[in-house]
$ cat protein-v4.cif   # mmCIF, C-alpha atoms and all ligand atoms
data_coords
#
loop_
_atom_site.label_atom_id
_atom_site.label_comp_id
_atom_site.auth_asym_id
_atom_site.auth_seq_id
_atom_site.Cartn_x
_atom_site.Cartn_y
_atom_site.Cartn_z
CA MET A 1 0.00 0.00 0.00
CA ALA A 2 1.28 3.47 -0.87
CA LYS A 3 2.23 5.45 2.19
CA THR A 4 0.28 8.66 2.66
CA ALA A 5 1.43 12.02 3.88
CA VAL A 6 -0.63 11.57 7.04
CA GLN A 7 0.90 8.21 7.85
CA LYS A 8 4.43 9.34 7.30
CA ILE A 9 4.09 12.60 9.20
CA ASN A 10 2.16 10.99 12.04
CA SER A 11 4.98 8.57 12.57
CA GLN A 12 7.33 11.50 13.24
CA THR A 13 5.17 14.14 14.89
CA PRO A 14 1.83 14.40 16.68
CA ILE A 15 0.18 16.51 14.01
CA LYS A 16 -2.58 15.39 11.68
CA ILE A 17 -2.30 17.86 8.81
CA PRO A 18 -1.04 16.42 5.54
CA THR A 19 1.63 18.36 3.75
CA ILE A 20 0.44 17.08 0.42
CA GLU A 21 -2.41 19.53 -0.02
CA SER A 22 -0.19 22.59 0.07
CA GLU A 23 2.70 21.16 -1.88
CA ALA A 24 0.50 19.50 -4.48
CA HIS A 25 -0.86 22.95 -5.15
CA THR A 26 2.34 24.95 -5.11
CA SER A 27 4.40 22.71 -7.39
CA PRO A 28 2.12 23.37 -10.39
CA ASP A 29 1.97 27.05 -9.43
CA HIS A 30 5.74 27.35 -9.80
CA LEU A 31 5.70 25.37 -13.04
CA PHE A 32 2.90 27.51 -14.45
CA ILE A 33 5.06 30.53 -13.60
CA VAL A 34 7.95 29.01 -15.57
CA GLN A 35 5.74 28.50 -18.63
CA ALA A 36 4.08 31.92 -18.48
CA ALA A 37 7.27 33.81 -17.54
CA ALA A 38 8.90 32.43 -20.71
CA LYS A 39 6.38 34.49 -22.72
CA GLY A 40 8.32 37.54 -21.53
CA PHE A 41 11.09 36.77 -24.04
CA GLU A 42 8.57 37.32 -26.84
CA VAL A 43 6.79 40.42 -25.59
CA ILE A 44 9.69 42.45 -24.15
CA ASP A 45 12.79 43.07 -26.21
CA ASP A 46 15.39 43.90 -23.59
CA PRO A 47 18.45 41.71 -22.94
CA GLU A 48 18.80 43.12 -19.43
CA LEU A 49 15.36 41.82 -18.52
CA HIS A 50 16.05 38.56 -20.35
CA PHE A 51 19.06 37.81 -18.14
CA LEU A 52 16.96 38.33 -15.01
CA LEU A 53 14.08 36.38 -16.44
CA SER A 54 16.41 33.46 -17.14
CA ARG A 55 17.20 33.32 -13.45
CA GLN A 56 13.54 33.54 -12.47
CA ILE A 57 12.64 30.66 -14.77
CA SER A 58 15.51 28.55 -13.51
CA ASP A 59 14.64 29.26 -9.84
CA ASP A 60 10.92 28.65 -10.17
CA GLY A 61 11.51 25.44 -12.14
CA ASP A 62 13.77 24.23 -9.37
CA HIS A 63 11.16 25.13 -6.71
CA ALA A 64 8.50 23.22 -8.67
CA ASN A 65 10.72 20.19 -8.90
CA HIS A 66 11.61 20.09 -5.18
CA LEU A 67 7.91 20.30 -4.30
CA ARG A 68 7.02 17.55 -6.77
CA VAL A 69 9.71 15.27 -5.36
CA SER A 70 8.44 15.95 -1.83
CA VAL A 71 4.86 15.04 -2.79
CA GLU A 72 6.12 11.87 -4.44
CA SER A 73 8.20 10.84 -1.44
CA TYR A 74 5.25 11.32 0.96
CA THR A 75 2.61 9.65 -1.14
CA GLY A 76 4.57 7.08 -3.12
CA ARG A 77 2.91 8.19 -6.32
CA ASP A 78 3.95 10.33 -9.24
CA PRO A 79 1.97 13.59 -8.96
CA ASN A 80 2.55 14.69 -12.54
CA LYS A 81 -1.02 14.07 -13.66
CA ASP A 82 -2.29 16.39 -10.91
CA VAL A 83 0.44 18.88 -11.73
CA ALA A 84 -0.64 18.90 -15.39
CA ARG A 85 -4.32 19.30 -14.45
CA LEU A 86 -3.64 22.20 -12.08
CA ILE A 87 -1.42 23.95 -14.62
CA LYS A 88 -4.13 23.57 -17.23
CA GLU A 89 -6.65 25.15 -14.82
CA GLN A 90 -4.42 28.19 -14.67
CA TRP A 91 -3.90 28.39 -18.43
CA ASP A 92 -7.66 28.12 -18.84
CA LEU A 93 -8.05 31.10 -16.54
CA TYR A 94 -5.29 33.41 -17.76
CA GLY A 95 -4.08 31.81 -21.00
CA ASP A 96 -4.48 34.72 -23.39
CA LEU A 97 -3.21 37.41 -21.01
CA PRO A 98 0.52 36.68 -20.38
CA SER A 99 1.35 36.62 -24.10
CA LYS A 100 -1.05 39.37 -25.21
CA ASP A 101 1.44 42.23 -24.89
CA TRP A 102 4.10 43.42 -22.46
CA LEU A 103 1.50 44.82 -20.05
CA GLY A 104 -0.48 41.58 -20.10
CA TRP A 105 2.71 39.74 -19.29
CA TYR A 106 3.58 42.16 -16.48
CA GLY A 107 0.08 41.72 -15.10
CA PHE A 108 0.78 38.00 -14.83
CA GLU A 109 4.13 38.59 -13.10
CA PHE A 110 2.59 40.98 -10.58
CA GLU A 111 -0.23 38.55 -9.90
CA TYR A 112 2.07 35.59 -9.28
CA GLU A 113 5.13 37.24 -7.79
CA SER A 114 3.66 40.11 -5.75
CA TYR A 115 -0.07 40.03 -5.12
CA ASN A 116 -0.09 36.40 -4.02
CA VAL A 117 2.40 36.92 -1.17
CA PRO A 118 -0.20 36.99 1.63
CA GLU A 119 -2.12 34.00 0.32
CA ILE A 120 1.07 31.95 0.27
CA VAL A 121 2.31 33.17 3.63
CA LEU A 122 -1.06 32.97 5.42
CA SER A 123 -2.12 29.65 3.94
CA LEU A 124 1.15 27.78 4.21
CA ARG A 125 2.16 29.15 7.58
CA SER A 126 -1.21 28.47 9.13
CA LEU A 127 -1.02 24.83 8.09
CA LYS A 128 0.28 22.87 11.03
CA ILE A 129 3.01 21.08 9.15
CA LEU A 130 5.08 21.12 6.04
CA ASP A 131 7.65 18.61 4.91
CA PRO A 132 10.64 19.67 7.08
CA LYS A 133 12.92 19.58 4.04
CA ILE A 134 10.56 21.91 2.19
CA GLU A 135 10.23 24.18 5.21
CA LYS A 136 14.04 24.52 5.28
CA LEU A 137 14.20 25.01 1.51
CA GLY A 138 11.44 27.62 1.83
CA SER A 139 13.32 29.77 4.28
CA GLU A 140 16.81 29.28 2.84
CA ARG A 141 16.11 29.24 -0.87
CA ILE A 142 12.52 29.79 -2.06
CA GLY A 143 11.86 32.88 0.07
CA PRO A 144 15.07 34.71 -0.96
CA ASP A 145 14.61 33.69 -4.63
CA GLU A 146 11.06 35.03 -4.67
CA ALA A 147 12.21 38.30 -3.09
CA PHE A 148 14.80 38.60 -5.86
CA HIS A 149 12.10 38.01 -8.51
CA ARG A 150 9.79 40.63 -7.00
CA ASP A 151 12.63 43.14 -6.71
CA PHE A 152 13.94 42.89 -10.25
CA LEU A 153 10.46 42.92 -11.79
CA THR A 154 9.46 45.95 -9.76
CA ALA A 155 12.73 47.81 -10.45
CA TRP A 156 12.49 47.21 -14.23
CA TRP A 157 8.84 48.27 -14.24
CA HIS A 158 9.52 51.48 -12.32
CA ARG A 159 12.45 52.37 -14.59
CA ARG A 160 10.21 51.80 -17.60
CA LEU A 161 7.54 54.07 -16.10
CA ALA A 162 10.06 56.76 -15.21
CA GLY A 163 11.51 56.67 -18.74
CA SER A 164 8.14 57.15 -20.42
CA SER A 165 6.68 60.45 -21.55
CA GLN A 166 3.72 61.75 -19.54
CA GLN A 167 1.30 60.68 -22.24
CA GLU A 168 2.80 57.21 -22.57
CA ARG A 169 2.86 56.81 -18.80
CA ALA A 170 -0.80 57.75 -18.53
CA ASP A 171 -1.60 55.14 -21.21
CA ILE A 172 0.47 52.46 -19.44
CA LEU A 173 -1.15 53.14 -16.08
CA GLY A 174 -4.67 53.16 -17.50
CA HIS A 175 -4.03 49.92 -19.36
CA MET A 176 -2.46 48.30 -16.31
CA ARG A 177 -5.46 49.17 -14.13
CA GLU A 178 -7.77 47.53 -16.66
CA GLN A 179 -5.45 44.56 -16.88
CA ASP A 180 -5.35 44.26 -13.12
CA ALA A 181 -9.15 44.26 -12.85
CA GLU A 182 -9.29 41.51 -15.48
CA TYR A 183 -6.79 39.32 -13.60
CA ARG A 184 -8.63 39.84 -10.31
CA GLN A 185 -11.97 39.02 -11.81
CA ARG A 186 -10.69 35.83 -13.47
CA LYS A 187 -8.88 34.77 -10.36
CA ALA A 188 -11.71 35.26 -7.83
CA VAL A 189 -13.37 31.84 -8.04
CA TYR A 190 -10.09 29.93 -8.32
CA TYR A 191 -8.68 31.78 -5.32
CA GLU A 192 -11.72 31.10 -3.17
CA SER A 193 -11.70 27.38 -3.94
CA LEU A 194 -7.96 27.14 -3.31
CA ILE A 195 -8.18 28.82 0.11
CA ARG A 196 -11.19 26.71 1.08
CA ARG A 197 -9.28 23.53 0.12
CA MET A 198 -6.33 24.62 2.22
CA SER A 199 -8.54 25.57 5.16
CA ASP A 200 -9.95 22.03 5.13
CA PHE A 201 -6.44 21.10 6.28
CA GLY A 202 -6.18 23.67 9.04
CA ALA A 203 -5.08 26.79 7.16
CA TRP A 204 -6.78 30.14 7.79
CA SER A 205 -10.24 30.42 6.31
CA TYR A 206 -11.20 32.30 3.17
CA GLU A 207 -13.10 34.80 5.34
CA GLN A 208 -9.97 35.44 7.44
CA THR A 209 -7.53 35.81 4.56
CA ARG A 210 -9.59 37.70 2.01
CA PRO A 211 -9.53 41.17 3.63
CA ILE A 212 -5.77 40.87 4.15
CA ASN A 213 -5.25 39.88 0.53
CA GLU A 214 -7.44 42.72 -0.69
CA GLU A 215 -5.62 45.31 1.41
CA TRP A 216 -2.21 44.00 0.31
CA HIS A 217 -3.27 44.04 -3.32
CA SER A 218 -4.53 47.61 -3.25
CA GLN A 219 -1.42 48.92 -1.47
CA VAL A 220 0.98 47.08 -3.79
CA LEU A 221 -0.95 48.23 -6.85
CA GLU A 222 -0.71 51.87 -5.77
CA PHE A 223 3.02 51.44 -5.11
CA LEU A 224 3.56 49.87 -8.53
CA LEU A 225 1.58 52.54 -10.33
CA SER A 226 3.61 55.42 -8.93
CA ILE A 227 7.23 56.38 -9.54
CA PRO A 228 9.35 55.92 -6.40
CA GLU A 229 11.13 58.93 -4.98
CA HIS A 230 14.64 57.85 -6.03
CA LEU A 231 13.55 57.78 -9.69
CA GLN A 232 11.50 60.95 -9.70
CA GLY A 233 14.40 63.14 -10.82
CA THR A 234 14.96 60.85 -13.80
CA ALA A 235 11.34 60.77 -14.95
CA ALA A 236 10.67 61.97 -18.48
CA VAL A 237 8.17 64.83 -18.90
FE FE A 301 9.16 29.99 -7.13
FE FE A 302 9.14 33.40 -8.52
#
$ encode --input "protein-v4.cif" --output "structure tokens" --more "lines below"
Ligand SMILES: [Fe+2]
Ligand SMILES: [Fe+2]
Amino acid sequence: MAKTAVQKINSQTPIKIPTIESEAHTSPDHLFIVQAAAKGFEVIDDPELHFLLSRQISDDGDHANHLRVSVESYTGRDPNKDVARLIKEQWDLYGDLPSKDWLGWYGFEFEYESYNVPEIVLSLRSLKILDPKIEKLGSERIGPDEAFHRDFLTAWWHRRLAGSSQQERADILGHMREQDAEYRQRKAVYYESLIRRMSDFGAWSYEQTRPINEEWHSQVLEFLLSIPEHLQGTAAV
């Protein structure tokens, strides 16, 4: 009989929460990011961004693989069918947006690298257990990698905004707000079902996490759509 996450974890600790639910979700998330991030090479023609993007893709692919291996070692089964199904769910939701144009692609990056921070932190940390190897990898590797991804994407975006004429900037910001609303609307049902699935395993409830996510999103959006002080002197007019 295949060993389950519950059996294996229960033999080591007194907790009853399976790690599988969180990791089975996050492995395809990272792999979807790899696939969608690669669209950036087609919609933005800037070698500087391409170098950074290469690192993001390599990091997120590695994260996905570690999580997949962890699921496999706890359950004794190959999770790739589930991974493929969950990636398809995300392409079905957002498929046309990341490759539409550079703003569509940036909307995807902001959604997956910035706006989702509280849902990851609140959901995963409120679970009672993670695979200890993944917990260590999370703090030593995944967390710092993700901070690097957020930083370079934000810095490139702000430089691009600062280097635009007033008219172009107004167009970019208007388009990005529309884009953002589209992503949020498409994501709403998926997000609710994800959080409810996680809360079945002890994570914070949808009702607890939603206001925090909403507040985070609106503050990050306002930050992204303004030029930071250190770039204001360089902004085009
Ligand atoms: Fe990642
Ligand atoms: Fe990332």
$ residues_near_ligand --input "protein-v4.cif" --ligand "ligand FE 301 (chain A)" --cutoff "6 Å" --atoms "all atoms listed in the file" --output "ChimeraX atom specification"
/A:30,60,63,146
$ closest_atom_pairs --input "protein-v4.cif" --of "chain A" --to "ligand FE 302 (chain A)" --cutoff "8 Å" --atoms "all atoms listed in the file" --output "CSV"
residue,atom,partner,partner_atom,distance
A:His30,CA,A:FE302,FE,7.1
A:Ile33,CA,A:FE302,FE,7.1
A:Gln56,CA,A:FE302,FE,5.9
A:Ile57,CA,A:FE302,FE,7.7
A:Asp59,CA,A:FE302,FE,7.0
A:Asp60,CA,A:FE302,FE,5.3
A:Tyr112,CA,A:FE302,FE,7.4
A:Glu113,CA,A:FE302,FE,5.6
A:Asp145,CA,A:FE302,FE,6.7
A:Glu146,CA,A:FE302,FE,4.6
A:Ala147,CA,A:FE302,FE,7.9
A:His149,CA,A:FE302,FE,5.5
A:Arg150,CA,A:FE302,FE,7.4
$ closest_residue --input "protein-v4.cif" --among "A:Asp62, A:Glu42, A:Glu119, A:Glu111" --to "A:Ser99" --atoms "all atoms listed in the file"
A:Glu42
$ residues_near_point --input "protein-v4.cif" --point "(8.4, 58.4, -16.8)" --cutoff "12 Å" --atoms "all atoms listed in the file" --output "PyMOL selection string"
chain A and resi 157-173+225-228+231-237
$ write_last_selection --input "protein-v4.cif" --atoms "C-alpha atoms" --output "PDB file, in the frame of the given file"
ATOM      1  CA  TRP A 157       8.840  48.270 -14.240  1.00  0.00           C
ATOM      2  CA  HIS A 158       9.520  51.480 -12.320  1.00  0.00           C
ATOM      3  CA  ARG A 159      12.450  52.370 -14.590  1.00  0.00           C
ATOM      4  CA  ARG A 160      10.210  51.800 -17.600  1.00  0.00           C
ATOM      5  CA  LEU A 161       7.540  54.070 -16.100  1.00  0.00           C
ATOM      6  CA  ALA A 162      10.060  56.760 -15.210  1.00  0.00           C
ATOM      7  CA  GLY A 163      11.510  56.670 -18.740  1.00  0.00           C
ATOM      8  CA  SER A 164       8.140  57.150 -20.420  1.00  0.00           C
ATOM      9  CA  SER A 165       6.680  60.450 -21.550  1.00  0.00           C
ATOM     10  CA  GLN A 166       3.720  61.750 -19.540  1.00  0.00           C
ATOM     11  CA  GLN A 167       1.300  60.680 -22.240  1.00  0.00           C
ATOM     12  CA  GLU A 168       2.800  57.210 -22.570  1.00  0.00           C
ATOM     13  CA  ARG A 169       2.860  56.810 -18.800  1.00  0.00           C
ATOM     14  CA  ALA A 170      -0.800  57.750 -18.530  1.00  0.00           C
ATOM     15  CA  ASP A 171      -1.600  55.140 -21.210  1.00  0.00           C
ATOM     16  CA  ILE A 172       0.470  52.460 -19.440  1.00  0.00           C
ATOM     17  CA  LEU A 173      -1.150  53.140 -16.080  1.00  0.00           C
ATOM     18  CA  LEU A 225       1.580  52.540 -10.330  1.00  0.00           C
ATOM     19  CA  SER A 226       3.610  55.420  -8.930  1.00  0.00           C
ATOM     20  CA  ILE A 227       7.230  56.380  -9.540  1.00  0.00           C
ATOM     21  CA  PRO A 228       9.350  55.920  -6.400  1.00  0.00           C
ATOM     22  CA  LEU A 231      13.550  57.780  -9.690  1.00  0.00           C
ATOM     23  CA  GLN A 232      11.500  60.950  -9.700  1.00  0.00           C
ATOM     24  CA  GLY A 233      14.400  63.140 -10.820  1.00  0.00           C
ATOM     25  CA  THR A 234      14.960  60.850 -13.800  1.00  0.00           C
ATOM     26  CA  ALA A 235      11.340  60.770 -14.950  1.00  0.00           C
ATOM     27  CA  ALA A 236      10.670  61.970 -18.480  1.00  0.00           C
ATOM     28  CA  VAL A 237       8.170  64.830 -18.900  1.00  0.00           C
TER      29      VAL A 237
END
$ residues_around --input "protein-v4.cif" --residues "A:Gly95" --least-positions-apart "2" --cutoff "12 Å" --atoms "only C-alpha atoms" --output "list in words"
Phe32, Ile33, Gln35, Ala36, Lys39, Ile87, Lys88, Glu89, Gln90, Trp91, Asp92, Leu93, Leu97, Pro98, Ser99, Lys100, Gly104, Trp105, Phe108, Tyr183 and Arg186 of chain A
$ atom_distance --input "protein-v4.cif" --atom1 "atom CA of A:Thr154" --atom2 "atom CA of A:Ser114"
9.2 Å
$ atom_distance --input "protein-v4.cif" --atom1 "atom CA of A:Lys133" --atom2 "atom CA of A:Ser70"
8.2 Å
$ closest_residue --input "protein-v4.cif" --among "A:Gln179, A:Ser205, A:Asn116, A:Ser193" --to "A:His217" --atoms "only C-alpha atoms"
A:Asn116
$ atom_distance --input "protein-v4.cif" --atom1 "atom CA of A:Tyr115" --atom2 "atom CA of A:Trp216"
7.1 Å
$ closest_residue --input "protein-v4.cif" --among "A:Pro28, A:Ser139, A:Val117, A:Pro47" --to "A:Lys81" --atoms "all atoms listed in the file"
A:Pro28
$ closest_residue --input "protein-v4.cif" --among "A:Gly107, A:Pro79, A:Pro118, A:Gly40" --to "A:Trp204" --atoms "all atoms listed in the file"
A:Pro118
$ closest_residue --input "protein-v4.cif" --among "A:Tyr190, A:His66, A:Leu31, A:Glu178" --to "A:Ile142" --atoms "only C-alpha atoms"
A:His66
$ axis_aligned_box --input "protein-v4.cif" --around "stretch 43-56 of chain A" --padding-each-side "4 Å" --output "JSON"
{"center_x": 12.9, "center_y": 38.6, "center_z": -19.3, "size_x": 20.3, "size_y": 18.6, "size_z": 21.7}
$ decode --input "protein-v4.cif" --residues "stretch 105-230 of chain A" --atoms "C-alpha atoms" --output "short mmCIF file (atom, residue, chain, number, x, y, z; two decimals), in the first residue's frame"
data_model
loop_
_atom_site.label_atom_id
_atom_site.label_comp_id
_atom_site.auth_asym_id
_atom_site.auth_seq_id
_atom_site.Cartn_x
_atom_site.Cartn_y
_atom_site.Cartn_z
CA TRP A 105 2.71 39.74 -19.29
CA TYR A 106 3.58 42.16 -16.48
CA GLY A 107 0.08 41.72 -15.10
CA PHE A 108 0.78 38.00 -14.83
CA GLU A 109 4.13 38.59 -13.10
CA PHE A 110 2.59 40.98 -10.58
CA GLU A 111 -0.23 38.55 -9.90
CA TYR A 112 2.07 35.59 -9.28
CA GLU A 113 5.13 37.24 -7.79
CA SER A 114 3.66 40.11 -5.75
CA TYR A 115 -0.07 40.03 -5.12
CA ASN A 116 -0.09 36.40 -4.02
CA VAL A 117 2.40 36.92 -1.17
CA PRO A 118 -0.20 36.99 1.63
CA GLU A 119 -2.12 34.00 0.32
CA ILE A 120 1.07 31.95 0.27
CA VAL A 121 2.31 33.17 3.63
CA LEU A 122 -1.06 32.97 5.42
CA SER A 123 -2.12 29.65 3.94
CA LEU A 124 1.15 27.78 4.21
CA ARG A 125 2.16 29.15 7.58
CA SER A 126 -1.21 28.47 9.13
CA LEU A 127 -1.02 24.83 8.09
CA LYS A 128 0.28 22.87 11.03
CA ILE A 129 3.01 21.08 9.15
CA LEU A 130 5.08 21.12 6.04
CA ASP A 131 7.65 18.61 4.91
CA PRO A 132 10.64 19.67 7.08
CA LYS A 133 12.92 19.58 4.04
CA ILE A 134 10.56 21.91 2.19
CA GLU A 135 10.23 24.18 5.21
CA LYS A 136 14.04 24.52 5.28
CA LEU A 137 14.20 25.01 1.51
CA GLY A 138 11.44 27.62 1.83
CA SER A 139 13.32 29.77 4.28
CA GLU A 140 16.81 29.28 2.84
CA ARG A 141 16.11 29.24 -0.87
CA ILE A 142 12.52 29.79 -2.06
CA GLY A 143 11.86 32.88 0.07
CA PRO A 144 15.07 34.71 -0.96
CA ASP A 145 14.61 33.69 -4.63
CA GLU A 146 11.06 35.03 -4.67
CA ALA A 147 12.21 38.30 -3.09
CA PHE A 148 14.80 38.60 -5.86
CA HIS A 149 12.10 38.01 -8.51
CA ARG A 150 9.79 40.63 -7.00
CA ASP A 151 12.63 43.14 -6.71
CA PHE A 152 13.94 42.89 -10.25
CA LEU A 153 10.46 42.92 -11.79
CA THR A 154 9.46 45.95 -9.76
CA ALA A 155 12.73 47.81 -10.45
CA TRP A 156 12.49 47.21 -14.23
CA TRP A 157 8.84 48.27 -14.24
CA HIS A 158 9.52 51.48 -12.32
CA ARG A 159 12.45 52.37 -14.59
CA ARG A 160 10.21 51.80 -17.60
CA LEU A 161 7.54 54.07 -16.10
CA ALA A 162 10.06 56.76 -15.21
CA GLY A 163 11.51 56.67 -18.74
CA SER A 164 8.14 57.15 -20.42
CA SER A 165 6.68 60.45 -21.55
CA GLN A 166 3.72 61.75 -19.54
CA GLN A 167 1.30 60.68 -22.24
CA GLU A 168 2.80 57.21 -22.57
CA ARG A 169 2.86 56.81 -18.80
CA ALA A 170 -0.80 57.75 -18.53
CA ASP A 171 -1.60 55.14 -21.21
CA ILE A 172 0.47 52.46 -19.44
CA LEU A 173 -1.15 53.14 -16.08
CA GLY A 174 -4.67 53.16 -17.50
CA HIS A 175 -4.03 49.92 -19.36
CA MET A 176 -2.46 48.30 -16.31
CA ARG A 177 -5.46 49.17 -14.13
CA GLU A 178 -7.77 47.53 -16.66
CA GLN A 179 -5.45 44.56 -16.88
CA ASP A 180 -5.35 44.26 -13.12
CA ALA A 181 -9.15 44.26 -12.85
CA GLU A 182 -9.29 41.51 -15.48
CA TYR A 183 -6.79 39.32 -13.60
CA ARG A 184 -8.63 39.84 -10.31
CA GLN A 185 -11.97 39.02 -11.81
CA ARG A 186 -10.69 35.83 -13.47
CA LYS A 187 -8.88 34.77 -10.36
CA ALA A 188 -11.71 35.26 -7.83
CA VAL A 189 -13.37 31.84 -8.04
CA TYR A 190 -10.09 29.93 -8.32
CA TYR A 191 -8.68 31.78 -5.32
CA GLU A 192 -11.72 31.10 -3.17
CA SER A 193 -11.70 27.38 -3.94
CA LEU A 194 -7.96 27.14 -3.31
CA ILE A 195 -8.18 28.82 0.11
CA ARG A 196 -11.19 26.71 1.08
CA ARG A 197 -9.28 23.53 0.12
CA MET A 198 -6.33 24.62 2.22
CA SER A 199 -8.54 25.57 5.16
CA ASP A 200 -9.95 22.03 5.13
CA PHE A 201 -6.44 21.10 6.28
CA GLY A 202 -6.18 23.67 9.04
CA ALA A 203 -5.08 26.79 7.16
CA TRP A 204 -6.78 30.14 7.79
CA SER A 205 -10.24 30.42 6.31
CA TYR A 206 -11.20 32.30 3.17
CA GLU A 207 -13.10 34.80 5.34
CA GLN A 208 -9.97 35.44 7.44
CA THR A 209 -7.53 35.81 4.56
CA ARG A 210 -9.59 37.70 2.01
CA PRO A 211 -9.53 41.17 3.63
CA ILE A 212 -5.77 40.87 4.15
CA ASN A 213 -5.25 39.88 0.53
CA GLU A 214 -7.44 42.72 -0.69
CA GLU A 215 -5.62 45.31 1.41
CA TRP A 216 -2.21 44.00 0.31
CA HIS A 217 -3.27 44.04 -3.32
CA SER A 218 -4.53 47.61 -3.25
CA GLN A 219 -1.42 48.92 -1.47
CA VAL A 220 0.98 47.08 -3.79
CA LEU A 221 -0.95 48.23 -6.85
CA GLU A 222 -0.71 51.87 -5.77
CA PHE A 223 3.02 51.44 -5.11
CA LEU A 224 3.56 49.87 -8.53
CA LEU A 225 1.58 52.54 -10.33
CA SER A 226 3.61 55.42 -8.93
CA ILE A 227 7.23 56.38 -9.54
CA PRO A 228 9.35 55.92 -6.40
CA GLU A 229 11.13 58.93 -4.98
CA HIS A 230 14.64 57.85 -6.03
#
